[in-house]
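Novice: There's a structure below that I have some questions on.
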Amino acid sequence: MKQLPFTGSGVAIVTPFTDNHEIDYNTLSELIEMHIERKTDAIIICGTTGEASAMPDDEHLAAIAFTVKQAHHRIPIIAGTGSNDTHHAINLSKRAAQLGADALLSVTPYYNKANKSGVIAHFKAIAEAVDIPIILYNVPSRTGMNFSLEVLKELAKIDNIVGLKEASGNISYTAKVAAEVPELYLYSGNDDMIVPIMSLGGKGVISVVANILPDETHDICEMFINGNVEGSRKLQLEMLDLINKLFIEVNPVPVKSAMKELGYNVGNLRLPLGPMDENNLKTLMASLEAFGVKKLY
């Protein structure tokens, strides 16, 4: 049996920055404590939502080290360490494991358009370099490639490749993965598909909306796990408009912009991500208000 990294709601946490564009560790500490207090089940640090692609390695690893230390074993910490350069991904993964991360999130190699043999060799090399669980990340809208079932079946044979964050948005494909590659734990990579993917056996979500609604995102998962499917479904649908509005522009522009408006001291986005369109921000904030989300002050 493969090791289960977590069950429920894992937040793909934003990275707060100071006015000098450095990581704001005081705010990061506050966010970590908030998520622990408000029922989040795991923290994913240095993922897409955390703007990891705009971080140099020393900063990337410092953020992981800080999060592990701050959490102090109270909540699983999953470190994003993927890269389209296998050697780079191995180095990041080894260092994250040494720093105490509980598991890794590793995205498919982007841009290279790797072939079947290359993708398998890429993830096999990463897995052999560490002894902690690895969750594969399938997000073809960003990477330009989709895991084939044939590749997933091969990767599932590796002991510490344990899960798949599925963000293709294709429920038919996801159902085939669940049916044909049951060795991998499934996590929804899309907030609008938490219940559908859990209905196929998924273990939870790696979530963007949990940055703003940690309790509710946890509750969707917990209710489903405890057999209250109707309650889970109802909450999923109640959150749907807000979830959709959080992707009115590319993630993490909306969620970080909304958090700033709500009073979270998360700072600005890093280039090449720029400020959110003002009309889109108004639309997003109206959806937050309609759901009942209030400003911190």
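As shown in the structure tokens, the chain order sets the letters A, B, ...; within each chain, residues go from 1, and ligands are also counted from 1 in the order they appear.
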Neighbouring residues of A:Pro16 were defined as those with any atom within 8 Å, considering only C-alpha atoms; residues of the same chain fewer than 5 positions away were excluded. Please report them as a list in words.

Specialist: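 Once the nearby chain positions are removed, what remains is Ile23, Asp24, Tyr25, Thr27, Leu28, Asn265, Val266, Gly267 and Asn268 of chain A.
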
Novice: A:Ile161: which residues within 12 Å, counting only C-alpha atoms, same-chain residues fewer than 2 positions away excluded, as a PyMOL selection string?

Specialist: chain A and resi 1-5+103-106+120+123-137+152-159+163-165+183-186

Novice: For those residues, write N, CA, C and O atoms to a file as a short mmCIF file (atom, residue, chain, number, x, y, z; two decimals), in the first residue's frame.

Specialist:
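So the final result, stored in part.cif, reads:
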```cif
data_model
loop_
_atom_site.label_atom_id
_atom_site.label_comp_id
_atom_site.auth_asym_id
_atom_site.auth_seq_id
_atom_site.Cartn_x
_atom_site.Cartn_y
_atom_site.Cartn_z
N MET A 1 0.84 -1.20 0.00
CA MET A 1 0.00 0.00 0.00
C MET A 1 0.87 1.25 0.00
O MET A 1 1.79 1.38 0.81
N LYS A 2 0.60 2.14 -0.94
CA LYS A 2 1.37 3.38 -1.01
C LYS A 2 1.00 4.32 0.13
O LYS A 2 -0.13 4.30 0.63
N GLN A 3 1.96 5.13 0.54
CA GLN A 3 1.73 6.08 1.63
C GLN A 3 0.80 7.20 1.16
O GLN A 3 1.01 7.80 0.12
N LEU A 4 -0.24 7.47 1.94
CA LEU A 4 -1.20 8.51 1.62
C LEU A 4 -0.72 9.85 2.17
O LEU A 4 -0.62 10.02 3.39
N PRO A 5 -0.41 10.83 1.31
CA PRO A 5 0.14 12.10 1.81
C PRO A 5 -0.83 12.88 2.69
O PRO A 5 -0.45 13.44 3.71
N ALA A 103 6.03 15.45 1.60
CA ALA A 103 5.81 14.90 0.26
C ALA A 103 6.17 15.97 -0.76
O ALA A 103 6.42 17.13 -0.41
N LEU A 104 6.20 15.57 -2.02
CA LEU A 104 6.56 16.47 -3.11
C LEU A 104 5.43 16.51 -4.13
O LEU A 104 4.71 15.53 -4.32
N LEU A 105 5.29 17.66 -4.79
CA LEU A 105 4.39 17.80 -5.93
C LEU A 105 5.25 18.07 -7.15
O LEU A 105 6.01 19.05 -7.17
N SER A 106 5.15 17.21 -8.15
CA SER A 106 6.05 17.29 -9.31
C SER A 106 5.25 17.35 -10.60
O SER A 106 4.57 16.39 -10.98
N ILE A 120 8.82 8.99 -18.47
CA ILE A 120 8.99 7.91 -17.49
C ILE A 120 10.36 7.99 -16.83
O ILE A 120 10.49 7.89 -15.60
N PHE A 123 10.56 11.04 -14.22
CA PHE A 123 9.97 10.84 -12.90
C PHE A 123 10.61 9.68 -12.15
O PHE A 123 10.71 9.71 -10.91
N LYS A 124 11.09 8.69 -12.87
CA LYS A 124 11.80 7.60 -12.20
C LYS A 124 13.07 8.12 -11.55
O LYS A 124 13.39 7.75 -10.41
N ALA A 125 13.79 9.01 -12.23
CA ALA A 125 15.02 9.56 -11.68
C ALA A 125 14.73 10.40 -10.44
O ALA A 125 15.48 10.34 -9.45
N ILE A 126 13.67 11.18 -10.46
CA ILE A 126 13.30 11.97 -9.28
C ILE A 126 12.94 11.05 -8.12
O ILE A 126 13.39 11.25 -6.99
N ALA A 127 12.12 10.05 -8.40
CA ALA A 127 11.67 9.14 -7.35
C ALA A 127 12.83 8.38 -6.72
O ALA A 127 12.84 8.13 -5.51
N GLU A 128 13.81 8.02 -7.53
CA GLU A 128 14.97 7.29 -7.00
C GLU A 128 15.86 8.17 -6.14
O GLU A 128 16.64 7.66 -5.32
N ALA A 129 15.74 9.49 -6.28
CA ALA A 129 16.61 10.41 -5.56
C ALA A 129 16.09 10.74 -4.16
O ALA A 129 16.82 11.31 -3.35
N VAL A 130 14.82 10.41 -3.88
CA VAL A 130 14.22 10.75 -2.59
C VAL A 130 13.48 9.53 -2.04
O VAL A 130 13.21 8.57 -2.76
N ASP A 131 13.15 9.62 -0.75
CA ASP A 131 12.42 8.51 -0.14
C ASP A 131 11.09 8.96 0.46
O ASP A 131 10.53 8.30 1.33
N ILE A 132 10.58 10.12 0.01
CA ILE A 132 9.29 10.59 0.47
C ILE A 132 8.29 10.50 -0.68
O ILE A 132 8.68 10.39 -1.85
N PRO A 133 6.99 10.53 -0.38
CA PRO A 133 5.98 10.38 -1.43
C PRO A 133 6.00 11.51 -2.44
O PRO A 133 6.30 12.66 -2.11
N ILE A 134 5.66 11.17 -3.67
CA ILE A 134 5.57 12.14 -4.76
C ILE A 134 4.16 12.11 -5.34
O ILE A 134 3.63 11.04 -5.66
N ILE A 135 3.57 13.29 -5.45
CA ILE A 135 2.30 13.45 -6.15
C ILE A 135 2.60 14.04 -7.52
O ILE A 135 3.21 15.11 -7.63
N LEU A 136 2.23 13.34 -8.56
CA LEU A 136 2.38 13.85 -9.92
C LEU A 136 1.34 14.95 -10.15
O LEU A 136 0.26 14.94 -9.54
N TYR A 137 1.65 15.87 -11.03
CA TYR A 137 0.75 17.00 -11.28
C TYR A 137 0.48 17.08 -12.77
O TYR A 137 1.38 17.33 -13.57
N LEU A 152 1.11 6.67 -16.94
CA LEU A 152 0.71 6.61 -15.53
C LEU A 152 0.80 5.19 -14.97
O LEU A 152 1.20 4.99 -13.82
N LYS A 153 0.44 4.22 -15.77
CA LYS A 153 0.53 2.82 -15.32
C LYS A 153 1.98 2.44 -15.01
O LYS A 153 2.25 1.72 -14.04
N GLU A 154 2.90 2.92 -15.83
CA GLU A 154 4.32 2.63 -15.58
C GLU A 154 4.81 3.35 -14.33
O GLU A 154 5.51 2.76 -13.50
N LEU A 155 4.43 4.62 -14.18
CA LEU A 155 4.89 5.38 -13.03
C LEU A 155 4.28 4.87 -11.73
O LEU A 155 4.91 4.95 -10.67
N ALA A 156 3.07 4.35 -11.80
CA ALA A 156 2.41 3.82 -10.60
C ALA A 156 3.13 2.60 -10.03
O ALA A 156 2.92 2.25 -8.86
N LYS A 157 4.00 1.97 -10.82
CA LYS A 157 4.77 0.83 -10.34
C LYS A 157 5.88 1.26 -9.38
O LYS A 157 6.44 0.42 -8.67
N ILE A 158 6.20 2.54 -9.35
CA ILE A 158 7.26 3.07 -8.49
C ILE A 158 6.68 3.34 -7.11
O ILE A 158 5.69 4.05 -6.97
N ASP A 159 7.29 2.77 -6.08
CA ASP A 159 6.70 2.78 -4.74
C ASP A 159 6.36 4.17 -4.22
O ASP A 159 5.30 4.38 -3.62
N GLY A 163 0.53 9.54 -5.96
CA GLY A 163 -0.72 10.23 -6.26
C GLY A 163 -0.65 11.05 -7.53
O GLY A 163 0.40 11.20 -8.16
N LEU A 164 -1.81 11.59 -7.87
CA LEU A 164 -1.93 12.44 -9.06
C LEU A 164 -2.85 13.61 -8.74
O LEU A 164 -4.00 13.42 -8.35
N LYS A 165 -2.32 14.82 -8.86
CA LYS A 165 -3.15 16.02 -8.84
C LYS A 165 -3.66 16.20 -10.26
O LYS A 165 -2.91 16.49 -11.18
N GLU A 183 -3.81 2.39 -8.36
CA GLU A 183 -2.69 2.45 -7.40
C GLU A 183 -2.38 3.90 -6.99
O GLU A 183 -1.76 4.12 -5.95
N LEU A 184 -2.78 4.87 -7.82
CA LEU A 184 -2.48 6.26 -7.52
C LEU A 184 -3.65 6.93 -6.80
O LEU A 184 -4.80 6.83 -7.24
N TYR A 185 -3.35 7.62 -5.71
CA TYR A 185 -4.37 8.42 -5.03
C TYR A 185 -4.67 9.65 -5.89
O TYR A 185 -3.76 10.34 -6.34
N LEU A 186 -5.94 9.93 -6.08
CA LEU A 186 -6.36 11.06 -6.90
C LEU A 186 -6.70 12.28 -6.05
O LEU A 186 -7.37 12.16 -5.01
#
```

Novice: Between A:Glu216, A:Asp241, A:Glu230, A:Asp102, single out the one closest to A:Ile45, counting only C-alpha atoms.

Specialist: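 Counting only C-alpha atoms, the residue closest to A:Ile45 is A:Asp102.
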
Novice: List every residue of stretch 18-249 of chain A that DSSP, applied to the backbone of this structure, places in strand (DSSP E), and write the result as a PyMOL selection string.

Specialist: chain A and resi 42-45+77-80+103-107+134-138+161-166+185-188+204-207

Novice: Output N, CA, C and O atoms of each residue in that selection to a file, as a compact mmCIF listing (two decimals), in the first residue's frame.

Specialist:
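This went into again_19.txt:
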```
# COMPACT_ATOMS: atom_id res chain seq x y z
N ALA A 42 -3.65 20.11 4.60
CA ALA A 42 -2.26 20.07 4.15
C ALA A 42 -1.93 21.41 3.51
O ALA A 42 -2.82 22.12 3.04
N ILE A 43 -0.65 21.75 3.51
CA ILE A 43 -0.19 22.98 2.87
C ILE A 43 0.76 22.61 1.75
O ILE A 43 1.73 21.87 1.96
N ILE A 44 0.46 23.12 0.56
CA ILE A 44 1.34 22.92 -0.59
C ILE A 44 2.07 24.24 -0.82
O ILE A 44 1.46 25.26 -1.18
N ILE A 45 3.36 24.23 -0.58
CA ILE A 45 4.18 25.43 -0.67
C ILE A 45 4.98 25.41 -1.98
O ILE A 45 5.45 24.35 -2.41
N ILE A 77 3.26 19.06 5.01
CA ILE A 77 3.79 20.08 4.10
C ILE A 77 4.25 19.39 2.83
O ILE A 77 5.12 18.50 2.86
N ILE A 78 3.67 19.80 1.72
CA ILE A 78 4.00 19.23 0.41
C ILE A 78 4.70 20.32 -0.40
O ILE A 78 4.16 21.41 -0.57
N ALA A 79 5.88 20.02 -0.86
CA ALA A 79 6.71 21.02 -1.54
C ALA A 79 6.64 20.83 -3.05
O ALA A 79 6.84 19.73 -3.56
N GLY A 80 6.37 21.92 -3.75
CA GLY A 80 6.45 21.90 -5.20
C GLY A 80 7.91 21.93 -5.64
O GLY A 80 8.64 22.85 -5.30
N ALA A 103 6.03 15.45 1.60
CA ALA A 103 5.81 14.90 0.26
C ALA A 103 6.17 15.97 -0.76
O ALA A 103 6.42 17.13 -0.41
N LEU A 104 6.20 15.57 -2.02
CA LEU A 104 6.56 16.47 -3.11
C LEU A 104 5.43 16.51 -4.13
O LEU A 104 4.71 15.53 -4.32
N LEU A 105 5.29 17.66 -4.79
CA LEU A 105 4.39 17.80 -5.93
C LEU A 105 5.25 18.07 -7.15
O LEU A 105 6.01 19.05 -7.17
N SER A 106 5.15 17.21 -8.15
CA SER A 106 6.05 17.29 -9.31
C SER A 106 5.25 17.35 -10.60
O SER A 106 4.57 16.39 -10.98
N VAL A 107 5.34 18.49 -11.27
CA VAL A 107 4.56 18.72 -12.47
C VAL A 107 5.21 18.05 -13.68
O VAL A 107 6.42 17.81 -13.71
N ILE A 134 5.66 11.17 -3.67
CA ILE A 134 5.57 12.14 -4.76
C ILE A 134 4.16 12.11 -5.34
O ILE A 134 3.63 11.04 -5.66
N ILE A 135 3.57 13.29 -5.45
CA ILE A 135 2.30 13.45 -6.15
C ILE A 135 2.60 14.04 -7.52
O ILE A 135 3.21 15.11 -7.63
N LEU A 136 2.23 13.34 -8.56
CA LEU A 136 2.38 13.85 -9.92
C LEU A 136 1.34 14.95 -10.15
O LEU A 136 0.26 14.94 -9.54
N TYR A 137 1.65 15.87 -11.03
CA TYR A 137 0.75 17.00 -11.28
C TYR A 137 0.48 17.08 -12.77
O TYR A 137 1.38 17.33 -13.57
N ASN A 138 -0.78 16.86 -13.13
CA ASN A 138 -1.20 16.89 -14.53
C ASN A 138 -2.00 18.16 -14.79
O ASN A 138 -3.14 18.30 -14.34
N ILE A 161 5.97 7.02 -5.90
CA ILE A 161 5.05 7.83 -6.70
C ILE A 161 3.65 7.37 -6.33
O ILE A 161 3.22 6.28 -6.68
N VAL A 162 2.96 8.21 -5.56
CA VAL A 162 1.76 7.73 -4.85
C VAL A 162 0.47 8.37 -5.31
O VAL A 162 -0.61 7.83 -5.05
N GLY A 163 0.53 9.54 -5.96
CA GLY A 163 -0.72 10.23 -6.26
C GLY A 163 -0.65 11.05 -7.53
O GLY A 163 0.40 11.20 -8.16
N LEU A 164 -1.81 11.59 -7.87
CA LEU A 164 -1.93 12.44 -9.06
C LEU A 164 -2.85 13.61 -8.74
O LEU A 164 -4.00 13.42 -8.35
N LYS A 165 -2.32 14.82 -8.86
CA LYS A 165 -3.15 16.02 -8.84
C LYS A 165 -3.66 16.20 -10.26
O LYS A 165 -2.91 16.49 -11.18
N GLU A 166 -4.97 16.03 -10.44
CA GLU A 166 -5.56 15.98 -11.77
C GLU A 166 -6.24 17.30 -12.07
O GLU A 166 -7.28 17.64 -11.50
N TYR A 185 -3.35 7.62 -5.71
CA TYR A 185 -4.37 8.42 -5.03
C TYR A 185 -4.67 9.65 -5.89
O TYR A 185 -3.76 10.34 -6.34
N LEU A 186 -5.94 9.93 -6.08
CA LEU A 186 -6.36 11.06 -6.90
C LEU A 186 -6.70 12.28 -6.05
O LEU A 186 -7.37 12.16 -5.01
N TYR A 187 -6.24 13.44 -6.48
CA TYR A 187 -6.61 14.71 -5.88
C TYR A 187 -7.13 15.62 -6.98
O TYR A 187 -6.53 15.70 -8.06
N SER A 188 -8.21 16.33 -6.71
CA SER A 188 -8.70 17.30 -7.67
C SER A 188 -7.73 18.48 -7.72
O SER A 188 -7.36 19.03 -6.69
N GLY A 204 -9.30 14.09 -2.11
CA GLY A 204 -9.43 15.48 -1.71
C GLY A 204 -9.04 16.41 -2.84
O GLY A 204 -9.17 16.07 -4.02
N VAL A 205 -8.53 17.58 -2.45
CA VAL A 205 -8.24 18.63 -3.42
C VAL A 205 -6.96 19.34 -3.05
O VAL A 205 -6.61 19.44 -1.87
N ILE A 206 -6.24 19.81 -4.05
CA ILE A 206 -5.17 20.79 -3.86
C ILE A 206 -5.74 22.08 -4.41
O ILE A 206 -5.92 22.23 -5.62
N SER A 207 -6.05 23.00 -3.50
CA SER A 207 -7.03 24.05 -3.75
C SER A 207 -6.46 25.45 -3.79
O SER A 207 -5.58 25.81 -3.01
```

Novice: Could you check which of A:Ser9, A:Thr15, A:Thr283, A:Asn228 is closest to A:Glu51, using only C-alpha atoms?

Specialist: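 Counting only C-alpha atoms, the residue closest to A:Glu51 is A:Thr15.
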
Novice: With distances taken over only C-alpha atoms, which of A:Glu59, A:Asp19, A:Asp192, A:Asp41 is nearest to A:Asp219?

Specialist: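 When distances to A:Asp219 are compared using only C-alpha atoms, the smallest one comes from A:Asp41.
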
Novice: For atom CA of A:Thr143 and atom CA of A:Leu246, quote the distance in Å rounded to one decimal.

Specialist: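 A separation of 20.2 Å between them.
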